[in-house]
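Take a look at the structure below.
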Number of protein chains: 2
Amino acid sequence: MPKLESEAEFFKALAHPSRLLILGLCKQKPRHTEEIAGILKLSKATVSHHLSLLTTAGLLESERDQYYQNYKLKNALLERKIADIIFTGLEDFSTNTDPFRTKVLRDFFKYGRLTQIPVQRKKRNVVLEKIVQSFEFDHAYPEKEVNQIILEFHDDFATIRRELIGLGLLHRENGIYTRVTT
Amino acid sequence: MPKLESEAEFFKALAHPSRLLILGLCKQKPRHTEEIAGILKLSKATVSHHLSLLTTAGLLESERDQYYQNYKLKNALLERKIADIIFTGLEDFSTNTDPFRTKVLRDFFKYGRLTQIPVQRKKRNVVLEKIVQSFEFDHAYPEKEVNQIILEFHDDFATIRRELIGLGLLHRENGIYTRVTT
DNA sequence: TATCTGATTCGGTATTTGTCAAATCAAATA
DNA sequence: TATTTGATTTGACAAATACCGAATCAGATA
């Protein structure tokens, strides 16, 4: 899933008054479906629907207690996720071990954005390999989506798209792009 | 309560991939409508629509430059709004808000991190109660995990861990920690 | 004033979303 | 196993939303 889509999903989960109310209720204490439906004067079907969205977004978790399915807030995740998304967009480069690669990524990325396209071929390959990781295997991307993903890294999406093709990291056929298995 | 509605509006504005893209583009530098439409391959009517929503939500502001209407990110508002949510969690969405507690959280947390440990006992208790909420009930934490969680808030995990025990918010037995039911 | 140019608004369509009642499901328990 | 009970899923419908092309608007400029 392209990162941007999942971020939008996250906000979408928060983008309805009833769901914010439900989060507030579940923050106070774990609640079950009919309990919430009673408080908010909504049908249990509707509440179940909202609870499902909130759970998928990672904001709630639930466990069964006798007849009841109790939902409670996953507080830490909510706060960290919002902070991550808004303030940076960030990448953790510390996990990879290749020192050259680490240095190049440190030098050319700032807050997840490519500050400039490296001129040296070897360095350029490193950043291109980094960028291509935002594409899923087994997914057909129209050019519009390709551009959007690359735009998260750098303005000059046309150049980068061309390079990704040239390096054999992306494959293009009939205007549809796919990530090449390495 | 208008508060809840406007919170939902705020998230709704962020709840679409194109709008996140637009925010990203306008964060880099001011952009005008057709420029964005060209990059995202959307009609200028659609982009104008998104820009309108983002402006209404207070995320963008615009000014005219010759023929162009340039939109730029209102960084301050975005960050303040997000910060509010992070400081107080979902407090604002629920019914009861303790003003003292809210103020202490605002004063001592920045972007989800504890800027310093309050000296006053009463204030310190507020931040400790805030921190303990990142722990689950009915879960056995080894000390290492406890430290990791506290480290997300402040570097001096040893002091905070000791205080959490002392206040009776965490319970320690044989090196295993559990959150105490209140 | 008349014209040019980018932005916005309008009209219309396709898609998504919120909602409920009814049917179905699944865990607990008799 | 059969029953009870709350949760979820299904199906239907209305409302909201995303999107586009065309018409209109408004500031800039001649």
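Note on naming: chains are A, B, ... as they come in the structure tokens, residues start from 1 per chain, ligands start from 1 in the order shown.
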(message) Neighbouring residues of Glu34 (chain A) were defined as those with any atom within 9 Å, considering only C-alpha atoms (C1' of nucleotides); residues of the same chain fewer than 5 positions away were excluded. Please report them as a PyMOL selection string.
(response) (chain A and resi 39+43-44+47-48+68) or (chain D and resi 6-7)
Neighbour list for DA15 (chain D) as an mmCIF file with all heavy atoms, in the first residue's frame, cut-off 12 Å, only C-alpha atoms (C1' of nucleotides), skip fewer than 3 positions in-chain:
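Done, and the output landed in result23.cif:
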data_model
loop_
_atom_site.group_PDB
_atom_site.id
_atom_site.type_symbol
_atom_site.label_atom_id
_atom_site.label_comp_id
_atom_site.auth_asym_id
_atom_site.auth_seq_id
_atom_site.Cartn_x
_atom_site.Cartn_y
_atom_site.Cartn_z
ATOM 1 P P DT C 16 -15.456 3.916 -5.190
ATOM 2 O OP1 DT C 16 -14.007 3.650 -5.131
ATOM 3 O OP2 DT C 16 -16.423 2.809 -5.395
ATOM 4 O "O5'" DT C 16 -15.862 4.721 -3.870
ATOM 5 C "C5'" DT C 16 -15.395 6.060 -3.713
ATOM 6 C "C4'" DT C 16 -15.956 6.634 -2.433
ATOM 7 O "O4'" DT C 16 -17.334 7.036 -2.621
ATOM 8 C "C3'" DT C 16 -15.937 5.693 -1.237
ATOM 9 O "O3'" DT C 16 -15.393 6.413 -0.142
ATOM 10 C "C2'" DT C 16 -17.405 5.313 -1.051
ATOM 11 C "C1'" DT C 16 -18.102 6.575 -1.531
ATOM 12 N N1 DT C 16 -19.494 6.452 -2.050
ATOM 13 C C2 DT C 16 -20.441 7.336 -1.573
ATOM 14 O O2 DT C 16 -20.200 8.185 -0.738
ATOM 15 N N3 DT C 16 -21.696 7.181 -2.127
ATOM 16 C C4 DT C 16 -22.075 6.264 -3.081
ATOM 17 O O4 DT C 16 -23.225 6.243 -3.501
ATOM 18 C C5 DT C 16 -21.027 5.368 -3.537
ATOM 19 C C7 DT C 16 -21.338 4.350 -4.562
ATOM 20 C C6 DT C 16 -19.802 5.508 -3.003
ATOM 21 P P DT C 17 -15.227 5.790 1.272
ATOM 22 O OP1 DT C 17 -14.076 6.448 1.909
ATOM 23 O OP2 DT C 17 -15.293 4.325 1.161
ATOM 24 O "O5'" DT C 17 -16.535 6.311 2.007
ATOM 25 C "C5'" DT C 17 -16.806 7.699 2.031
ATOM 26 C "C4'" DT C 17 -18.038 7.965 2.867
ATOM 27 O "O4'" DT C 17 -19.226 7.656 2.107
ATOM 28 C "C3'" DT C 17 -18.125 7.144 4.147
ATOM 29 O "O3'" DT C 17 -18.449 8.032 5.192
ATOM 30 C "C2'" DT C 17 -19.229 6.130 3.870
ATOM 31 C "C1'" DT C 17 -20.112 6.902 2.901
ATOM 32 N N1 DT C 17 -20.930 6.108 1.953
ATOM 33 C C2 DT C 17 -22.231 6.494 1.732
ATOM 34 O O2 DT C 17 -22.738 7.444 2.292
ATOM 35 N N3 DT C 17 -22.917 5.730 0.810
ATOM 36 C C4 DT C 17 -22.435 4.644 0.117
ATOM 37 O O4 DT C 17 -23.138 4.045 -0.683
ATOM 38 C C5 DT C 17 -21.059 4.293 0.401
ATOM 39 C C7 DT C 17 -20.449 3.130 -0.305
ATOM 40 C C6 DT C 17 -20.390 5.027 1.282
ATOM 41 P P DG C 18 -18.495 7.580 6.712
ATOM 42 O OP1 DG C 18 -17.829 8.625 7.506
ATOM 43 O OP2 DG C 18 -18.046 6.175 6.785
ATOM 44 O "O5'" DG C 18 -20.051 7.619 7.050
ATOM 45 C "C5'" DG C 18 -20.727 8.865 6.969
ATOM 46 C "C4'" DG C 18 -22.179 8.660 7.341
ATOM 47 O "O4'" DG C 18 -22.826 7.906 6.296
ATOM 48 C "C3'" DG C 18 -22.402 7.887 8.638
ATOM 49 O "O3'" DG C 18 -23.432 8.557 9.370
ATOM 50 C "C2'" DG C 18 -22.829 6.495 8.179
ATOM 51 C "C1'" DG C 18 -23.482 6.774 6.833
ATOM 52 N N9 DG C 18 -23.363 5.712 5.824
ATOM 53 C C8 DG C 18 -22.264 4.940 5.551
ATOM 54 N N7 DG C 18 -22.453 4.093 4.572
ATOM 55 C C5 DG C 18 -23.757 4.325 4.169
ATOM 56 C C6 DG C 18 -24.533 3.711 3.144
ATOM 57 O O6 DG C 18 -24.204 2.815 2.370
ATOM 58 N N1 DG C 18 -25.813 4.257 3.076
ATOM 59 C C2 DG C 18 -26.292 5.255 3.886
ATOM 60 N N2 DG C 18 -27.542 5.652 3.670
ATOM 61 N N3 DG C 18 -25.579 5.831 4.846
ATOM 62 C C4 DG C 18 -24.330 5.317 4.934
ATOM 63 P P DT C 19 -23.847 8.126 10.826
ATOM 64 O OP1 DT C 19 -24.324 9.341 11.517
ATOM 65 O OP2 DT C 19 -22.729 7.352 11.401
ATOM 66 O "O5'" DT C 19 -25.071 7.172 10.611
ATOM 67 C "C5'" DT C 19 -26.270 7.703 10.049
ATOM 68 C "C4'" DT C 19 -27.188 6.619 9.588
ATOM 69 O "O4'" DT C 19 -26.640 5.952 8.419
ATOM 70 C "C3'" DT C 19 -27.400 5.479 10.564
ATOM 71 O "O3'" DT C 19 -28.438 5.821 11.477
ATOM 72 C "C2'" DT C 19 -27.789 4.305 9.654
ATOM 73 C "C1'" DT C 19 -27.402 4.772 8.256
ATOM 74 N N1 DT C 19 -26.566 3.806 7.504
ATOM 75 C C2 DT C 19 -27.137 3.152 6.433
ATOM 76 O O2 DT C 19 -28.289 3.342 6.093
ATOM 77 N N3 DT C 19 -26.311 2.254 5.795
ATOM 78 C C4 DT C 19 -25.000 1.969 6.118
ATOM 79 O O4 DT C 19 -24.371 1.148 5.471
ATOM 80 C C5 DT C 19 -24.461 2.692 7.242
ATOM 81 C C7 DT C 19 -23.048 2.456 7.680
ATOM 82 C C6 DT C 19 -25.264 3.565 7.868
#
(request) Enter the distance from CA of Lys27 (chain A) to CA of Gln133 (chain B), in Å, rounded to one decimal. (result)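 Computed distance, CA of Lys27 (chain A) to CA of Gln133 (chain B), equals 9.9 Å.
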(message) My list of candidates is D:DT9, D:DG21, D:DA14, D:DT4. Which is closest to DT13 (chain C) when distances are computed with only C-alpha atoms (C1' of nucleotides)?
(response)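 That would be D:DG21, the residue with the smallest distance to DT13 (chain C).
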(request) One decimal, Å: what's the distance from CA of Val126 (chain B) over to CA of Arg101 (chain B), could you say? (result)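 CA of Arg101 (chain B) lies at a distance of 6.3 Å from CA of Val126 (chain B).
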Using only C-alpha atoms (C1' of nucleotides), find the residues of chain B whose closest atom to chain D is at most 7 Å away, then write them as an mmCIF file with N, CA and C atoms, in the first residue's frame.
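Resulting contents of selection-v7.cif:
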data_model
loop_
_atom_site.group_PDB
_atom_site.id
_atom_site.type_symbol
_atom_site.label_atom_id
_atom_site.label_comp_id
_atom_site.auth_asym_id
_atom_site.auth_seq_id
_atom_site.Cartn_x
_atom_site.Cartn_y
_atom_site.Cartn_z
ATOM 1 N N SER B 43 -7.861 18.062 -13.001
ATOM 2 C CA SER B 43 -8.347 19.289 -13.624
ATOM 3 C C SER B 43 -8.177 20.444 -12.641
ATOM 4 N N THR B 46 -10.972 20.598 -10.074
ATOM 5 C CA THR B 46 -10.830 19.697 -8.925
ATOM 6 C C THR B 46 -9.811 20.230 -7.925
ATOM 7 N N GLN B 66 0.379 38.702 -9.429
ATOM 8 C CA GLN B 66 0.047 38.912 -10.844
ATOM 9 C C GLN B 66 -1.168 38.066 -11.201
ATOM 10 N N TYR B 67 -1.011 37.190 -12.184
ATOM 11 C CA TYR B 67 -2.155 36.387 -12.587
ATOM 12 C C TYR B 67 -2.430 35.229 -11.632
#
(request) Would you work out the distance separating CA of Arg179 (chain A) from CA of Leu14 (chain B), expressed in Å to one decimal? (result) 28.2 Å
